[in-house]
>>> print(open('entry.cif').read())   # mmCIF, C-alpha atoms and all ligand atoms
data_entry
loop_
_atom_site.label_atom_id
_atom_site.label_comp_id
_atom_site.auth_asym_id
_atom_site.auth_seq_id
_atom_site.Cartn_x
_atom_site.Cartn_y
_atom_site.Cartn_z
CA MET D 1 -19.32 -5.17 0.65
CA THR D 2 -16.66 -3.99 -1.77
CA ASP D 3 -16.72 -5.79 -5.13
CA TYR D 4 -13.00 -6.38 -5.62
CA SER D 5 -13.52 -8.35 -8.85
CA LEU D 6 -15.10 -5.25 -10.35
CA LEU D 7 -12.35 -3.02 -8.92
CA ALA D 8 -9.67 -5.32 -10.39
CA ARG D 9 -11.24 -5.02 -13.86
CA GLN D 10 -11.56 -1.25 -13.50
CA LEU D 11 -7.97 -0.88 -12.31
CA GLU D 12 -6.72 -3.03 -15.20
CA ALA D 13 -8.52 -0.72 -17.63
CA LEU D 14 -7.19 2.38 -15.87
CA LEU D 15 -3.55 1.26 -16.03
CA ASP D 16 -3.07 1.74 -19.76
CA THR D 17 0.67 2.41 -19.67
CA ARG D 18 3.57 0.23 -18.45
CA ASP D 19 5.09 3.22 -16.62
CA TRP D 20 5.43 2.36 -12.92
CA LEU D 21 5.35 5.97 -11.69
CA THR D 22 2.15 6.75 -13.56
CA ASN D 23 0.62 3.48 -12.38
CA THR D 24 1.48 4.02 -8.71
CA ALA D 25 -0.11 7.47 -8.85
CA GLN D 26 -3.23 6.17 -10.61
CA THR D 27 -3.56 3.17 -8.29
CA CYS D 28 -3.53 5.14 -5.04
CA ALA D 29 -5.93 7.75 -6.44
CA PHE D 30 -8.23 4.92 -7.60
CA LEU D 31 -8.14 3.22 -4.19
CA MET D 32 -8.88 6.46 -2.36
CA GLN D 33 -11.94 6.98 -4.61
CA GLU D 34 -13.28 3.43 -4.66
CA VAL D 35 -12.47 1.89 -1.26
CA GLY D 36 -14.52 3.36 1.58
CA GLU D 37 -13.31 4.83 4.86
CA LEU D 38 -9.67 5.47 3.96
CA ASN D 39 -7.73 8.53 5.10
CA TRP D 40 -4.45 7.55 3.40
CA ALA D 41 -3.47 5.34 0.48
CA GLY D 42 -0.01 5.22 -0.99
CA PHE D 43 3.25 3.54 -1.88
CA TYR D 44 6.54 3.30 -0.07
CA LEU D 45 9.35 2.24 -2.41
CA HIS D 46 12.43 0.13 -1.70
CA ARG D 47 14.87 2.72 -3.00
CA ARG D 48 17.64 2.32 -0.44
CA PRO D 49 18.96 -0.76 1.38
CA GLN D 50 16.67 -1.79 4.26
CA THR D 51 14.72 1.46 3.80
CA LEU D 52 11.30 2.43 2.42
CA VAL D 53 11.07 5.84 0.74
CA LEU D 54 7.75 7.65 0.34
CA GLY D 55 6.26 7.38 -3.15
CA PRO D 56 3.00 8.56 -4.70
CA PHE D 57 0.13 8.76 -2.23
CA GLN D 58 -3.22 10.35 -1.40
CA GLY D 59 -3.80 11.87 2.02
CA LYS D 60 -1.87 13.98 4.46
CA PRO D 61 1.91 14.44 4.12
CA ALA D 62 3.51 11.30 5.55
CA CYS D 63 6.54 10.00 7.42
CA ASN D 64 9.70 9.49 5.39
CA PRO D 65 11.87 7.45 5.23
CA ILE D 66 10.80 4.26 7.07
CA PRO D 67 13.58 1.78 7.95
CA PHE D 68 12.66 -1.91 7.70
CA ASP D 69 12.88 -2.26 11.49
CA LYS D 70 10.17 0.36 12.17
CA GLY D 71 6.41 0.43 12.02
CA VAL D 72 3.81 -1.65 10.26
CA CYS D 73 5.29 -0.84 6.84
CA GLY D 74 8.72 -1.98 8.04
CA ALA D 75 7.21 -5.26 9.31
CA ALA D 76 5.62 -5.91 5.88
CA ALA D 77 8.96 -5.20 4.19
CA ARG D 78 10.93 -7.39 6.60
CA ARG D 79 8.55 -10.35 6.58
CA LEU D 80 7.41 -10.02 2.94
CA ALA D 81 3.92 -10.60 4.31
CA THR D 82 0.77 -8.51 4.44
CA GLN D 83 0.22 -6.78 7.78
CA ARG D 84 -3.41 -6.23 8.80
CA VAL D 85 -3.72 -4.22 11.99
CA ASP D 86 -7.15 -3.72 13.61
CA ASP D 87 -5.94 -1.19 16.17
CA VAL D 88 -2.76 0.71 15.39
CA HIS D 89 -2.64 2.02 18.98
CA ALA D 90 -1.95 -1.54 20.09
CA VAL D 91 1.19 -1.76 17.92
CA ALA D 92 4.13 -0.50 19.97
CA ASP D 93 6.22 0.76 17.06
CA HIS D 94 3.39 1.96 14.83
CA ILE D 95 4.47 5.19 13.12
CA ALA D 96 1.68 7.73 13.54
CA CYS D 97 1.73 9.96 10.47
CA ASP D 98 -1.90 11.02 10.83
CA ALA D 99 -3.47 10.88 14.30
CA ALA D 100 -6.80 9.99 12.64
CA SER D 101 -5.53 6.57 11.52
CA ARG D 102 -6.90 3.68 13.60
CA SER D 103 -6.43 0.61 11.41
CA GLU D 104 -4.00 -0.25 8.66
CA LEU D 105 -3.32 -2.71 5.84
CA VAL D 106 0.15 -2.97 4.31
CA VAL D 107 0.76 -5.26 1.31
CA PRO D 108 4.33 -5.97 0.18
CA ILE D 109 5.07 -5.75 -3.54
CA VAL D 110 7.53 -8.51 -4.44
CA VAL D 111 9.15 -8.81 -7.87
CA ASP D 112 11.38 -11.80 -8.68
CA GLY D 113 11.59 -12.60 -4.97
CA ARG D 114 12.80 -9.12 -4.06
CA LEU D 115 10.87 -6.41 -2.26
CA TRP D 116 10.01 -3.55 -4.67
CA GLY D 117 7.85 -1.56 -2.25
CA VAL D 118 4.68 -1.69 -0.19
CA LEU D 119 1.13 -0.44 -0.59
CA ASP D 120 -0.14 1.13 2.63
CA LEU D 121 -3.81 1.82 3.39
CA ASP D 122 -4.94 3.62 6.53
CA SER D 123 -8.46 4.00 7.92
CA PRO D 124 -9.94 6.17 10.67
CA ARG D 125 -12.20 3.23 11.65
CA PRO D 126 -10.78 0.54 13.95
CA ALA D 127 -10.80 -2.92 12.31
CA ARG D 128 -11.74 -1.42 8.94
CA PHE D 129 -9.99 -4.20 6.99
CA SER D 130 -11.45 -7.72 7.00
CA ALA D 131 -9.77 -10.84 5.66
CA ASP D 132 -11.87 -10.33 2.50
CA ASP D 133 -10.52 -6.79 2.17
CA GLN D 134 -6.99 -8.12 2.57
CA ALA D 135 -7.54 -10.69 -0.21
CA GLY D 136 -9.18 -8.04 -2.40
CA ILE D 137 -6.40 -5.48 -1.96
CA GLU D 138 -3.77 -8.19 -2.54
CA ARG D 139 -5.57 -8.97 -5.79
CA LEU D 140 -5.43 -5.28 -6.78
CA VAL D 141 -1.69 -5.24 -6.03
CA THR D 142 -1.31 -8.24 -8.35
CA THR D 143 -3.19 -6.28 -11.02
CA PHE D 144 -0.84 -3.31 -10.51
CA VAL D 145 2.25 -5.55 -10.75
CA ALA D 146 1.01 -7.28 -13.91
CA ALA D 147 0.27 -3.91 -15.55
CA SER D 148 3.61 -2.25 -14.76
CA ASP D 149 7.30 -2.49 -15.61
CA LEU D 150 8.90 -2.50 -12.18
CA PRO D 151 12.66 -1.96 -12.45
CA SER D 152 14.85 -2.35 -9.40
CA LEU D 153 14.95 1.05 -7.69
CA ASN D 154 18.08 0.57 -5.61
N1 LIG D 201 1.68 3.90 9.95
C1 LIG D 201 2.73 3.44 9.11
C2 LIG D 201 3.56 4.56 8.58
C3 LIG D 201 3.09 5.10 7.30
S1 LIG D 201 1.73 6.07 7.43
O1 LIG D 201 0.61 5.38 7.99
C4 LIG D 201 1.34 6.79 5.97
C5 LIG D 201 3.62 2.44 9.84
O2 LIG D 201 3.54 2.26 11.05
O3 LIG D 201 4.43 1.83 9.17
#
>>> encode(input="entry.cif", output="structure tokens", more="lines below")
Ligand code: SME
Amino acid sequence: MTDYSLLARQLEALLDTRDWLTNTAQTCAFLMQEVGELNWAGFYLHRRPQTLVLGPFQGKPACNPIPFDKGVCGAAARRLATQRVDDVHAVADHIACDAASRSELVVPIVVDGRLWGVLDLDSPRPARFSADDQAGIERLVTTFVAASDLPSLN
């Protein structure tokens, strides 16, 4: 089982600047290294109204942009709630960037009540993300937010 308390401490130590761009890049590289069975980890940023724009990521080139009314990322942005999908093939409007992806976890990043972006993790294993993984990744997003200056991007 992944030790998210340890990962939170390691991520806090890694994020030694307040710069949001540096910290997004470091965070997705860290997740790709430390969380097992991922094929994609990255940020989509709320840079345009009702639209997510691709930010720093690790994995194959990805879909861009994503409107709020499309896909799992769009649902997280719209609902301001984490989306945990065991089987992406069962989601009618899932956006398939990499055919290898089978399950997905998308955590919204909310600053002062406004959506700043989302963190998206994809796995080639169906049902890769448990409720414990969701809580752990949400904790890591909190660590990222606390470590970074996150100006409005739109
Ligand atoms: N599958 C996502 C799109 C982003 S990629 O997985 C990197 C979605 O349906 O929102």
>>> residues_near_ligand(input="entry.cif", ligand="ligand LIG 201 (chain D)", cutoff="7 Å", atoms="only C-alpha atoms and all ligand atoms", output="PDB file with C-alpha atoms, keeping the file's coordinate frame")
ATOM      1  CA  TRP D  40      -4.450   7.550   3.400  1.00  0.00           C
ATOM      2  CA  ALA D  62       3.510  11.300   5.550  1.00  0.00           C
ATOM      3  CA  CYS D  63       6.540  10.000   7.420  1.00  0.00           C
ATOM      4  CA  LYS D  70      10.170   0.360  12.170  1.00  0.00           C
ATOM      5  CA  GLY D  71       6.410   0.430  12.020  1.00  0.00           C
ATOM      6  CA  VAL D  72       3.810  -1.650  10.260  1.00  0.00           C
ATOM      7  CA  CYS D  73       5.290  -0.840   6.840  1.00  0.00           C
ATOM      8  CA  GLY D  74       8.720  -1.980   8.040  1.00  0.00           C
ATOM      9  CA  ASP D  93       6.220   0.760  17.060  1.00  0.00           C
ATOM     10  CA  HIS D  94       3.390   1.960  14.830  1.00  0.00           C
ATOM     11  CA  ILE D  95       4.470   5.190  13.120  1.00  0.00           C
ATOM     12  CA  ALA D  96       1.680   7.730  13.540  1.00  0.00           C
ATOM     13  CA  CYS D  97       1.730   9.960  10.470  1.00  0.00           C
ATOM     14  CA  ASP D  98      -1.900  11.020  10.830  1.00  0.00           C
ATOM     15  CA  ASP D 120      -0.140   1.130   2.630  1.00  0.00           C
ATOM     16  CA  ASP D 122      -4.940   3.620   6.530  1.00  0.00           C
TER      17      ASP D 122
END
>>> atom_distance(input="entry.cif", atom1="CA of His46 in chain D", atom2="CA of Leu6 in chain D")
29.4 Å
>>> residues_around(input="entry.cif", residues="range 42-45 of chain D", least_positions_apart="2", cutoff="6 Å", atoms="all atoms listed in the file", output="PyMOL selection string")
chain D and resi 28+47+52-57+117-120
>>> residues_around(input="entry.cif", residues="Ser130 in chain D", least_positions_apart="6", cutoff="12 Å", atoms="all atoms listed in the file", output="list of chain:residue names")
D:Met1, D:Thr2, D:Gln83, D:Arg84, D:Val85, D:Asp86, D:Ser103, D:Glu104, D:Leu105, D:Gly136, D:Ile137
>>> atom_distance(input="entry.cif", atom1="CA of Leu115 in chain D", atom2="CA of Gln26 in chain D")
20.7 Å
>>> closest_residue(input="entry.cif", among="D:Ala90, D:Leu140, D:Leu150, D:Leu38", to="Asp3 in chain D", atoms="all atoms listed in the file")
D:Leu140
